[in-house]
$ cat model.cif   # mmCIF, C-alpha atoms and all ligand atoms
data_protein
#
loop_
_atom_site.label_atom_id
_atom_site.label_comp_id
_atom_site.auth_asym_id
_atom_site.auth_seq_id
_atom_site.Cartn_x
_atom_site.Cartn_y
_atom_site.Cartn_z
CA MET A 1 124.93 111.96 64.87
CA PRO A 2 123.51 112.07 68.46
CA LYS A 3 124.37 109.10 70.62
CA MET A 4 121.35 106.80 71.09
CA GLU A 5 120.66 105.70 74.69
CA PRO A 6 119.82 102.00 74.98
CA PHE A 7 116.15 101.21 75.72
CA THR A 8 116.14 99.73 79.21
CA GLU A 9 113.66 97.51 81.07
CA THR A 10 112.71 100.54 83.18
CA ASP A 11 111.86 102.46 79.99
CA LEU A 12 109.66 99.58 78.92
CA ILE A 13 107.88 99.54 82.30
CA TYR A 14 107.15 103.30 82.02
CA GLU A 15 105.88 102.84 78.46
CA LEU A 16 103.67 99.96 79.55
CA VAL A 17 102.25 101.94 82.48
CA GLU A 18 101.24 104.74 80.11
CA ALA A 19 99.77 102.23 77.63
CA VAL A 20 97.72 100.64 80.43
CA ILE A 21 96.49 104.06 81.56
CA ASP A 22 95.47 104.99 78.00
CA LEU A 23 93.52 101.75 77.66
CA ALA A 24 91.92 102.22 81.10
CA LYS A 25 90.76 105.69 80.02
CA ARG A 26 89.06 104.12 77.00
CA PHE A 27 87.38 101.62 79.32
CA LYS A 28 86.08 104.50 81.45
CA GLU A 29 84.81 106.38 78.40
CA GLU A 30 82.89 103.30 77.27
CA LYS A 31 81.55 102.08 80.61
CA GLY A 32 81.40 105.26 82.67
CA ARG A 33 83.52 103.77 85.46
CA ILE A 34 87.02 102.49 86.04
CA PRO A 35 87.75 98.75 85.74
CA VAL A 36 88.03 96.57 88.83
CA PHE A 37 90.50 93.69 88.73
CA MET A 38 91.45 91.27 91.48
CA GLU A 39 94.98 90.02 91.90
CA VAL A 40 94.28 86.61 93.42
CA CYS A 41 97.76 85.92 94.70
CA GLY A 42 99.45 87.51 97.72
CA SER A 43 102.76 87.64 95.84
CA HIS A 44 101.04 89.65 93.09
CA THR A 45 99.67 92.04 95.73
CA MET A 46 103.13 92.54 97.18
CA ALA A 47 104.74 92.98 93.74
CA LEU A 48 102.09 95.49 92.60
CA THR A 49 102.45 97.60 95.75
CA LYS A 50 106.21 97.32 96.15
CA THR A 51 106.87 98.46 92.60
CA GLY A 52 104.45 101.39 92.92
CA ILE A 53 102.24 100.06 90.11
CA LYS A 54 99.14 99.92 92.32
CA ALA A 55 99.62 103.48 93.52
CA ARG A 56 100.35 104.80 90.01
CA LEU A 57 97.28 103.13 88.51
CA ARG A 58 94.80 103.78 91.29
CA ASP A 59 93.01 106.70 89.62
CA TYR A 60 92.47 104.56 86.51
CA ILE A 61 92.13 100.96 87.69
CA HIS A 62 90.85 99.58 90.98
CA LEU A 63 93.17 96.70 91.85
CA ILE A 64 91.82 94.68 94.74
CA SER A 65 93.47 91.84 96.60
CA GLY A 66 92.24 88.28 96.63
CA PRO A 67 92.40 85.19 98.84
CA GLY A 68 95.72 83.80 97.62
CA CYS A 69 97.88 84.48 100.66
CA PRO A 70 98.14 81.08 102.42
CA VAL A 71 99.08 82.52 105.81
CA CYS A 72 96.17 85.00 105.71
CA VAL A 73 93.51 82.36 105.08
CA THR A 74 94.76 79.72 107.54
CA ASP A 75 92.00 79.31 110.11
CA GLN A 76 92.58 80.43 113.65
CA LYS A 77 91.50 77.00 114.96
CA SER A 78 94.57 75.44 113.35
CA ILE A 79 96.86 77.99 115.03
CA ASP A 80 95.15 77.32 118.38
CA ALA A 81 95.47 73.56 117.83
CA MET A 82 99.17 73.89 117.03
CA ILE A 83 99.69 75.92 120.19
CA GLN A 84 97.93 73.18 122.18
CA LEU A 85 100.02 70.56 120.43
CA SER A 86 103.21 72.40 121.35
CA GLU A 87 102.29 71.76 124.99
CA GLU A 88 102.39 67.99 124.48
CA PRO A 89 105.58 66.45 125.91
CA ASN A 90 108.20 65.22 123.46
CA THR A 91 106.76 67.15 120.55
CA ILE A 92 108.56 69.25 117.95
CA LEU A 93 106.45 71.56 115.81
CA CYS A 94 107.73 72.74 112.43
CA THR A 95 106.30 75.57 110.39
CA PHE A 96 107.10 78.32 107.90
CA GLY A 97 108.43 81.60 109.32
CA ASP A 98 105.36 83.70 108.54
CA MET A 99 103.13 81.45 110.66
CA MET A 100 105.14 82.17 113.80
CA ARG A 101 103.61 85.58 114.47
CA VAL A 102 100.02 84.93 113.37
CA PRO A 103 97.81 85.61 116.38
CA GLY A 104 95.91 82.64 117.77
CA SER A 105 93.21 83.04 120.42
CA LYS A 106 95.67 83.32 123.31
CA SER A 107 99.17 83.63 121.88
CA THR A 108 101.36 83.02 118.87
CA LEU A 109 103.73 80.20 117.99
CA MET A 110 106.56 82.72 118.44
CA GLU A 111 105.45 83.47 122.02
CA GLU A 112 105.21 79.73 122.71
CA LYS A 113 108.70 79.21 121.32
CA THR A 114 110.03 82.03 123.49
CA SER A 115 108.46 80.36 126.50
CA GLY A 116 110.44 77.19 125.78
CA LYS A 117 108.32 75.07 123.42
CA ASP A 118 110.23 73.24 120.69
CA ILE A 119 108.91 75.04 117.60
CA ARG A 120 111.17 75.25 114.57
CA VAL A 121 111.04 77.39 111.46
CA ILE A 122 111.81 75.46 108.30
CA TYR A 123 112.12 76.50 104.67
CA SER A 124 110.96 73.28 103.01
CA PRO A 125 108.53 70.65 104.30
CA LEU A 126 111.25 68.09 103.52
CA ASP A 127 113.35 69.63 106.31
CA SER A 128 110.74 68.42 108.80
CA ILE A 129 111.37 64.82 107.69
CA LYS A 130 115.06 65.26 108.52
CA ILE A 131 114.15 66.60 111.96
CA ALA A 132 111.93 63.52 112.53
CA GLU A 133 114.79 61.20 111.55
CA GLU A 134 117.18 63.01 113.89
CA ASN A 135 114.73 62.89 116.80
CA PRO A 136 113.21 59.37 116.79
CA GLU A 137 112.12 59.66 120.44
CA LYS A 138 109.95 62.72 119.65
CA GLU A 139 106.81 63.35 117.62
CA VAL A 140 107.42 65.82 114.82
CA VAL A 141 104.40 67.71 113.47
CA PHE A 142 104.51 70.01 110.46
CA LEU A 143 101.85 72.68 109.95
CA GLY A 144 101.10 72.14 106.28
CA ILE A 145 99.68 75.30 104.77
CA GLY A 146 99.59 76.38 101.15
CA PHE A 147 97.85 76.32 97.80
CA GLU A 148 98.34 74.10 94.78
CA THR A 149 101.90 75.44 94.47
CA THR A 150 103.02 73.93 97.77
CA ILE A 151 100.70 70.92 97.99
CA PRO A 152 102.81 68.60 95.75
CA ILE A 153 105.76 69.09 98.11
CA LEU A 154 103.55 68.09 101.04
CA ALA A 155 102.56 64.92 99.17
CA LEU A 156 106.24 64.28 98.40
CA THR A 157 107.03 64.69 102.10
CA ILE A 158 104.51 61.98 102.98
CA ARG A 159 106.00 59.72 100.30
CA GLN A 160 109.44 60.20 101.89
CA ALA A 161 108.10 59.44 105.37
CA GLU A 162 106.44 56.31 104.00
CA ARG A 163 109.51 55.10 102.09
CA LYS A 164 111.81 55.72 105.03
CA ASN A 165 109.27 54.08 107.38
CA ILE A 166 109.28 57.11 109.68
CA LYS A 167 106.69 56.59 112.42
CA ASN A 168 107.15 59.77 114.46
CA TYR A 169 106.03 62.19 111.77
CA SER A 170 102.73 63.81 110.81
CA ILE A 171 101.32 66.86 109.05
CA TRP A 172 98.54 69.14 110.30
CA MET A 173 96.98 69.71 106.89
CA THR A 174 95.34 73.04 106.23
CA THR A 175 95.82 73.36 102.51
CA LYS A 176 93.61 75.44 100.23
CA LEU A 177 92.48 75.34 96.61
CA ILE A 178 91.97 78.36 94.38
CA GLU A 179 88.97 77.31 92.31
CA PRO A 180 86.50 76.66 95.18
CA VAL A 181 87.24 79.95 96.91
CA LEU A 182 86.93 82.03 93.73
CA SER A 183 83.70 80.21 92.83
CA THR A 184 82.29 80.79 96.32
CA MET A 185 83.19 84.48 96.24
CA LEU A 186 81.67 84.95 92.79
CA GLN A 187 78.53 82.97 93.64
CA SER A 188 77.99 85.12 96.75
CA GLY A 189 77.54 88.11 94.44
CA GLU A 190 79.37 90.33 96.95
CA VAL A 191 82.62 90.34 95.01
CA LYS A 192 82.23 92.21 91.74
CA VAL A 193 85.25 92.29 89.45
CA ASP A 194 85.89 92.78 85.75
CA GLY A 195 88.65 90.20 85.65
CA PHE A 196 91.36 88.35 87.53
CA LEU A 197 95.13 88.42 87.52
CA LEU A 198 95.68 84.71 88.09
CA PRO A 199 98.58 83.24 90.05
CA GLY A 200 101.25 81.92 87.73
CA HIS A 201 102.84 79.53 90.20
CA VAL A 202 99.52 77.78 90.94
CA ALA A 203 98.98 77.42 87.19
CA VAL A 204 102.41 75.77 86.83
CA VAL A 205 100.89 72.83 88.71
CA THR A 206 97.24 72.99 87.65
CA GLY A 207 97.64 74.31 84.09
CA LYS A 208 95.75 76.98 82.22
CA GLN A 209 92.80 74.59 81.96
CA SER A 210 92.14 74.89 85.70
CA TYR A 211 90.89 78.46 85.22
CA HIS A 212 88.40 77.76 82.43
CA PHE A 213 85.61 77.68 85.03
CA LEU A 214 85.83 81.49 85.17
CA VAL A 215 84.67 81.73 81.58
CA GLU A 216 82.32 78.76 81.60
CA LYS A 217 80.55 79.42 84.92
CA PHE A 218 80.92 83.15 85.45
CA ALA A 219 81.73 84.73 82.07
CA ILE A 220 84.71 86.54 83.63
CA SER A 221 88.16 86.82 82.09
CA GLY A 222 91.47 86.01 83.72
CA VAL A 223 95.09 86.39 82.74
CA ILE A 224 97.77 84.09 84.16
CA THR A 225 100.84 86.20 84.86
CA GLY A 226 104.22 86.07 86.47
CA PHE A 227 105.51 88.42 89.14
CA GLU A 228 107.72 90.91 87.34
CA PRO A 229 106.40 94.44 86.67
CA ILE A 230 106.33 93.86 82.90
CA GLU A 231 104.40 90.61 83.35
CA LEU A 232 101.88 92.20 85.71
CA LEU A 233 101.36 95.24 83.51
CA SER A 234 100.93 93.02 80.45
CA GLY A 235 98.32 91.03 82.35
CA ILE A 236 96.38 94.18 83.28
CA TYR A 237 96.65 95.47 79.72
CA LYS A 238 95.27 92.19 78.34
CA LEU A 239 92.35 92.24 80.79
CA ILE A 240 91.28 95.71 79.66
CA GLN A 241 91.83 94.79 76.02
CA LEU A 242 89.54 91.76 76.36
CA HIS A 243 86.81 94.03 77.73
CA LEU A 244 87.20 96.59 74.98
CA GLU A 245 87.04 93.81 72.38
CA LYS A 246 83.97 92.40 74.19
CA LYS A 247 85.69 89.04 74.66
CA VAL A 248 85.73 86.73 77.67
CA ASP A 249 88.73 84.43 77.89
CA VAL A 250 91.50 83.00 80.04
CA LEU A 251 94.89 84.00 78.67
CA ASN A 252 98.26 82.59 79.56
CA GLU A 253 100.89 85.34 79.80
CA TYR A 254 103.31 83.09 81.66
CA THR A 255 103.88 80.63 78.84
CA HIS A 256 107.52 79.90 79.61
CA VAL A 257 106.44 77.97 82.75
CA VAL A 258 102.67 77.38 82.45
CA SER A 259 101.24 74.84 80.03
CA ASP A 260 97.60 74.05 79.25
CA LYS A 261 97.58 70.86 81.29
CA GLY A 262 100.04 71.81 84.03
CA ASN A 263 102.50 69.53 85.76
CA ILE A 264 101.07 66.03 85.36
CA VAL A 265 103.68 64.45 87.66
CA ALA A 266 102.73 66.85 90.47
CA GLN A 267 99.01 66.28 89.83
CA LYS A 268 99.49 62.48 90.06
CA LEU A 269 101.45 62.86 93.29
CA ILE A 270 98.60 64.89 94.78
CA GLU A 271 96.01 62.34 93.62
CA GLU A 272 97.97 59.48 95.18
CA TYR A 273 98.09 60.90 98.71
CA LEU A 274 95.38 63.52 99.05
CA GLU A 275 91.66 64.02 98.56
CA THR A 276 89.38 67.04 98.72
CA ASP A 277 87.51 67.97 101.86
CA ASP A 278 85.45 70.86 103.24
CA VAL A 279 87.91 73.17 104.96
CA GLU A 280 87.74 76.38 106.94
CA TRP A 281 89.11 79.69 105.65
CA ARG A 282 89.91 82.39 108.17
CA GLY A 283 87.27 85.07 108.13
CA ILE A 284 85.35 83.34 105.33
CA GLY A 285 84.14 80.08 106.89
CA VAL A 286 83.92 76.52 105.65
CA ILE A 287 83.99 76.12 101.86
CA HIS A 288 82.87 72.86 100.27
CA GLU A 289 85.80 70.74 99.01
CA SER A 290 88.16 73.68 99.15
CA GLY A 291 91.19 71.92 100.59
CA LEU A 292 93.12 68.69 100.41
CA VAL A 293 93.55 66.23 103.28
CA LEU A 294 95.41 62.95 103.56
CA LYS A 295 93.59 59.88 102.27
CA GLY A 296 92.49 57.33 104.88
CA GLN A 297 95.32 54.90 104.11
CA TYR A 298 97.83 57.58 105.18
CA ALA A 299 96.07 58.37 108.49
CA GLN A 300 99.24 57.64 110.46
CA TYR A 301 100.74 60.81 108.93
CA ASP A 302 97.66 62.92 109.65
CA ALA A 303 98.25 64.96 112.83
CA LYS A 304 94.51 65.65 113.18
CA ARG A 305 93.83 61.91 113.50
CA LYS A 306 97.00 61.05 115.40
CA PHE A 307 96.49 63.57 118.21
CA ASN A 308 93.22 64.16 119.98
CA ILE A 309 93.32 67.95 119.95
CA PRO A 310 89.87 69.47 120.54
CA LEU A 311 89.11 72.20 118.00
CA GLY A 312 87.30 74.79 120.09
CA GLU A 313 85.75 77.95 118.72
CA PRO A 314 88.49 80.60 118.49
CA THR A 315 88.23 83.89 120.33
CA GLN A 316 86.53 86.43 118.09
CA THR A 317 88.66 89.39 117.13
CA ASN A 318 87.75 92.54 115.26
CA CYS A 319 90.42 91.90 112.61
CA ARG A 320 88.84 92.26 109.17
CA CYS A 321 91.28 90.04 107.23
CA GLY A 322 88.35 87.92 106.03
CA GLU A 323 86.98 90.94 104.17
CA VAL A 324 90.42 92.11 103.02
CA VAL A 325 91.23 88.76 101.36
CA GLN A 326 87.93 88.82 99.48
CA GLY A 327 88.59 92.32 98.20
CA LEU A 328 85.53 93.59 100.07
CA ILE A 329 87.46 96.28 101.91
CA ALA A 330 90.86 97.92 101.57
CA PRO A 331 93.14 97.51 104.59
CA GLU A 332 92.75 101.24 105.32
CA ALA A 333 89.04 100.63 106.03
CA CYS A 334 89.96 98.56 109.09
CA ARG A 335 90.01 100.81 112.14
CA PHE A 336 93.15 99.07 113.45
CA PHE A 337 95.22 99.67 110.32
CA ASN A 338 98.27 101.64 111.49
CA ASN A 339 96.27 102.26 114.64
CA GLY A 340 97.16 99.32 116.83
CA CYS A 341 97.96 96.93 113.99
CA THR A 342 101.36 97.24 112.31
CA PRO A 343 103.88 94.71 110.97
CA THR A 344 105.75 94.82 114.28
CA GLN A 345 102.54 94.41 116.33
CA PRO A 346 100.10 92.62 114.02
CA LEU A 347 96.54 91.88 115.08
CA GLY A 348 95.81 89.67 112.10
CA PRO A 349 97.61 87.49 109.54
CA CYS A 350 97.22 90.00 106.69
CA MET A 351 99.61 92.28 108.58
CA VAL A 352 102.02 89.44 109.42
CA SER A 353 102.54 87.71 106.13
CA SER A 354 105.12 88.76 103.59
CA GLU A 355 102.25 88.30 101.09
CA GLY A 356 99.60 89.99 103.26
CA THR A 357 97.60 92.87 101.82
CA CYS A 358 97.64 94.88 105.05
CA ALA A 359 101.43 94.52 105.31
CA ALA A 360 101.80 95.49 101.65
CA HIS A 361 99.64 98.60 102.08
CA TYR A 362 101.37 99.53 105.32
CA GLN A 363 104.84 99.31 103.80
CA PHE A 364 104.23 100.68 100.33
CA MET A 365 100.90 102.55 100.10
CA LYS A 366 100.61 104.21 103.50
CA GLU A 367 102.14 107.54 102.65
CA VAL A 368 101.30 107.70 98.96
FE1 LIG A 401 93.36 92.59 110.50
FE2 LIG A 401 95.24 94.41 111.09
FE3 LIG A 401 94.51 94.11 108.59
FE4 LIG A 401 92.84 95.20 110.35
S1 LIG A 401 94.79 96.06 109.66
S2 LIG A 401 92.34 93.66 108.80
S3 LIG A 401 93.33 94.06 112.21
S4 LIG A 401 95.52 92.57 109.86
#
$ encode --input "model.cif" --output "structure tokens" --more "lines below"
Ligand code: SF4
Amino acid sequence: MPKMEPFTETDLIYELVEAVIDLAKRFKEEKGRIPVFMEVCGSHTMALTKTGIKARLRDYIHLISGPGCPVCVTDQKSIDAMIQLSEEPNTILCTFGDMMRVPGSKSTLMEEKTSGKDIRVIYSPLDSIKIAEENPEKEVVFLGIGFETTIPILALTIRQAERKNIKNYSIWMTTKLIEPVLSTMLQSGEVKVDGFLLPGHVAVVTGKQSYHFLVEKFAISGVITGFEPIELLSGIYKLIQLHLEKKVDVLNEYTHVVSDKGNIVAQKLIEEYLETDDVEWRGIGVIHESGLVLKGQYAQYDAKRKFNIPLGEPTQTNCRCGEVVQGLIAPEACRFFNNGCTPTQPLGPCMVSSEGTCAAHYQFMKEV
């Protein structure tokens, strides 16, 4: 009897790729075009390119990137303000590593650090509280970026500062919410997609229910997925299947961590400290109630209220990240892509971030 080889995860991925392609062919036969899906999350973009899935599927499915990379959508004014703040005496700025090289109007936080400013890279917002405790004679400011995934930790950080009665600490809030940006993009009519791969980690906090607006307001399907190749391919498969069955729905393919209602404890924490506000998205503009800011009673922890930093208009650049994060153009359509803009010399945040679409295409799609 011939020896049977075990069926590996790689085998399953290859099988799934072929199954997705078969289904995509049926979609094309029925509709006369290939399907267009948006992966909302920057981590999905990176996973789809890194694993070669995007390149393998590109003749059958148009996968476009969305606005879910927090570094890419952080407005240039906030970078400029942080650079100005770094010039204040006795100030320590804290931020995530990816923000260090994002170009502001005149320089980057990395260049300011090199020139002697006290700017520190941290891995958790809670680390910035420790820095504030260790440096009571200095003002510690954390640049708080992120989506619903990160926002509960920012609220927790404020709770810690409050409970420990730390006075020399504040956050420059520039958080973003997924629903308002997707609604704005869809209402504009410029972004035309057949469905969304929805970020699993956002849904851990907000729950499957938070994506029902796609069906109710826009009659578009979405599938919540994780970040492994099998999860992503299953999500794409389900999106095509919904179309072929003429159904519109939001499916949860990340059930081991995402529930219908989400993380109630995290939601309550957010509600206690934060409220929605109109915020600016880089390259997109101000979107109504698309971010969370500190409530008035926590103003002492709000760096925007604590420091009088004028928010001037940033220097205009020709970087097209605003279009890239809305799926309006592929990175290759930007004239600077690999022609003056590379991960080592980025002109815009989409080439800096480890979740940026331009960086993903440069590293994994460039020579395909
Ligand atoms: Fe911006 Fe560079 Fe991407 Fe062009 S290639 S959109 S300049 S980050």
$ residues_around --input "model.cif" --residues "Gly42 in chain A" --least-positions-apart "6" --cutoff "6 Å" --atoms "all atoms listed in the file" --output "short mmCIF file (atom, residue, chain, number, x, y, z; two decimals) with C-alpha atoms, in the frame of the given file"
data_model
loop_
_atom_site.label_atom_id
_atom_site.label_comp_id
_atom_site.auth_asym_id
_atom_site.auth_seq_id
_atom_site.Cartn_x
_atom_site.Cartn_y
_atom_site.Cartn_z
CA GLY A 68 95.72 83.80 97.62
CA CYS A 69 97.88 84.48 100.66
CA GLU A 355 102.25 88.30 101.09
#
$ atom_distance --input "model.cif" --atom1 "CA of Ile64 in chain A" --atom2 "CA of Phe37 in chain A"
6.2 Å
$ residues_near_ligand --input "model.cif" --ligand "ligand LIG 401 (chain A)" --cutoff "10 Å" --atoms "all atoms listed in the file" --output "VMD selection string"
chain A and resid 72 102 to 103 283 317 to 325 329 to 343 345 to 353 356 to 359 361 to 362
$ atom_distance --input "model.cif" --atom1 "CA of Leu57 in chain A" --atom2 "CA of Val223 in chain A"
17.8 Å
$ atom_distance --input "model.cif" --atom1 "CA of Thr45 in chain A" --atom2 "CA of Ser65 in chain A"
6.3 Å
$ closest_residue --input "model.cif" --among "A:Asp98, A:Glu29, A:Glu228, A:Glu190" --to "Val121 in chain A" --atoms "only C-alpha atoms"
A:Asp98
$ closest_residue --input "model.cif" --among "A:His256, A:Lys208, A:Lys117, A:Lys167" --to "Glu87 in chain A" --atoms "all atoms listed in the file"
A:Lys117
$ residues_around --input "model.cif" --residues "range 147-150 of chain A" --least-positions-apart "3" --cutoff "7 Å" --atoms "all atoms listed in the file" --output "PyMOL selection string"
chain A and resi 70+153-154+175-177+201-202+205
$ residues_around --input "model.cif" --residues "Leu143 in chain A" --least-positions-apart "3" --cutoff "7 Å" --atoms "only C-alpha atoms" --output "MDAnalysis selection string"
chainID A and resid 94:95 171:173
$ write_last_selection --input "model.cif" --atoms "C-alpha atoms" --output "short mmCIF file (atom, residue, chain, number, x, y, z; two decimals), in the coordinates of the input"
data_model
loop_
_atom_site.label_atom_id
_atom_site.label_comp_id
_atom_site.auth_asym_id
_atom_site.auth_seq_id
_atom_site.Cartn_x
_atom_site.Cartn_y
_atom_site.Cartn_z
CA CYS A 94 107.73 72.74 112.43
CA THR A 95 106.30 75.57 110.39
CA ILE A 171 101.32 66.86 109.05
CA TRP A 172 98.54 69.14 110.30
CA MET A 173 96.98 69.71 106.89
#
$ residues_around --input "model.cif" --residues "Leu126 in chain A" --least-positions-apart "5" --cutoff "10 Å" --atoms "all atoms listed in the file" --output "short mmCIF file (atom, residue, chain, number, x, y, z; two decimals) with C-alpha atoms, keeping the file's coordinate frame"
data_model
loop_
_atom_site.label_atom_id
_atom_site.label_comp_id
_atom_site.auth_asym_id
_atom_site.auth_seq_id
_atom_site.Cartn_x
_atom_site.Cartn_y
_atom_site.Cartn_z
CA ILE A 131 114.15 66.60 111.96
CA PHE A 142 104.51 70.01 110.46
CA ILE A 153 105.76 69.09 98.11
CA LEU A 154 103.55 68.09 101.04
CA LEU A 156 106.24 64.28 98.40
CA THR A 157 107.03 64.69 102.10
CA ILE A 158 104.51 61.98 102.98
CA GLN A 160 109.44 60.20 101.89
CA ALA A 161 108.10 59.44 105.37
#
$ residues_near_point --input "model.cif" --point "(95.0, 57.2, 103.1)" --cutoff "12 Å" --atoms "only C-alpha atoms" --output "ChimeraX atom specification"
/A:155,158-159,162,270-275,292-302,305
$ residues_around --input "model.cif" --residues "Leu244 in chain A" --least-positions-apart "3" --cutoff "7 Å" --atoms "all atoms listed in the file" --output "number ranges by chain"
A: 27, 240-241
$ closest_residue --input "model.cif" --among "A:Asn168, A:Ile236, A:Ile122, A:Gly327" --to "Lys54 in chain A" --atoms "only C-alpha atoms"
A:Ile236
$ closest_residue --input "model.cif" --among "A:Ser124, A:Thr206, A:Val140, A:Thr114" --to "Asn90 in chain A" --atoms "only C-alpha atoms"
A:Val140
$ closest_residue --input "model.cif" --among "A:Glu18, A:Arg26, A:Val193, A:Lys261" --to "Ile53 in chain A" --atoms "all atoms listed in the file"
A:Glu18
$ closest_residue --input "model.cif" --among "A:Thr344, A:Ser170, A:Ser107, A:Thr51" --to "Leu93 in chain A" --atoms "all atoms listed in the file"
A:Ser170
$ decode --input "model.cif" --residues "range 129-151 of chain A" --atoms "N, CA and C atoms" --output "compact mmCIF listing (two decimals), in the first residue's frame"
# COMPACT_ATOMS: atom_id res chain seq x y z
N ILE A 129 3.06 56.17 30.86
CA ILE A 129 2.70 56.51 32.23
C ILE A 129 3.92 56.31 33.15
N LYS A 130 4.62 55.20 32.90
CA LYS A 130 5.81 54.89 33.72
C LYS A 130 6.86 55.99 33.53
N ILE A 131 7.01 56.42 32.27
CA ILE A 131 8.00 57.49 31.99
C ILE A 131 7.60 58.77 32.73
N ALA A 132 6.29 59.07 32.76
CA ALA A 132 5.82 60.27 33.48
C ALA A 132 6.12 60.15 34.98
N GLU A 133 5.92 58.96 35.53
CA GLU A 133 6.19 58.77 36.97
C GLU A 133 7.68 58.92 37.27
N GLU A 134 8.51 58.46 36.33
CA GLU A 134 9.96 58.51 36.56
C GLU A 134 10.56 59.90 36.31
N ASN A 135 9.76 60.75 35.65
CA ASN A 135 10.27 62.10 35.32
C ASN A 135 9.27 63.18 35.77
N PRO A 136 9.04 63.29 37.08
CA PRO A 136 8.00 64.22 37.57
C PRO A 136 8.27 65.68 37.23
N GLU A 137 9.52 66.04 36.94
CA GLU A 137 9.83 67.44 36.64
C GLU A 137 9.59 67.76 35.16
N LYS A 138 9.21 66.75 34.37
CA LYS A 138 9.00 66.96 32.94
C LYS A 138 7.55 66.70 32.54
N GLU A 139 7.14 67.29 31.43
CA GLU A 139 5.82 67.00 30.86
C GLU A 139 5.98 65.84 29.87
N VAL A 140 5.19 64.82 30.04
CA VAL A 140 5.25 63.67 29.13
C VAL A 140 3.99 63.67 28.26
N VAL A 141 4.20 63.66 26.95
CA VAL A 141 3.07 63.69 26.01
C VAL A 141 3.14 62.45 25.12
N PHE A 142 2.02 61.74 25.05
CA PHE A 142 1.96 60.55 24.18
C PHE A 142 1.11 60.87 22.96
N LEU A 143 1.63 60.52 21.79
CA LEU A 143 0.86 60.70 20.55
C LEU A 143 -0.06 59.49 20.39
N GLY A 144 -1.33 59.71 20.70
CA GLY A 144 -2.28 58.59 20.75
C GLY A 144 -2.97 58.36 19.42
N ILE A 145 -2.44 57.46 18.63
CA ILE A 145 -3.07 57.12 17.35
C ILE A 145 -3.76 55.76 17.49
N GLY A 146 -4.60 55.44 16.53
CA GLY A 146 -5.15 54.09 16.50
C GLY A 146 -6.65 54.05 16.27
N PHE A 147 -7.12 52.85 15.98
CA PHE A 147 -8.54 52.60 15.77
C PHE A 147 -9.14 51.97 17.03
N GLU A 148 -10.32 51.43 16.88
CA GLU A 148 -11.04 50.87 18.02
C GLU A 148 -10.23 49.81 18.76
N THR A 149 -9.29 49.19 18.07
CA THR A 149 -8.45 48.16 18.70
C THR A 149 -7.59 48.76 19.81
N THR A 150 -7.03 49.91 19.55
CA THR A 150 -6.06 50.54 20.46
C THR A 150 -6.74 51.47 21.45
N ILE A 151 -7.89 52.02 21.06
CA ILE A 151 -8.52 53.09 21.86
C ILE A 151 -8.80 52.67 23.32
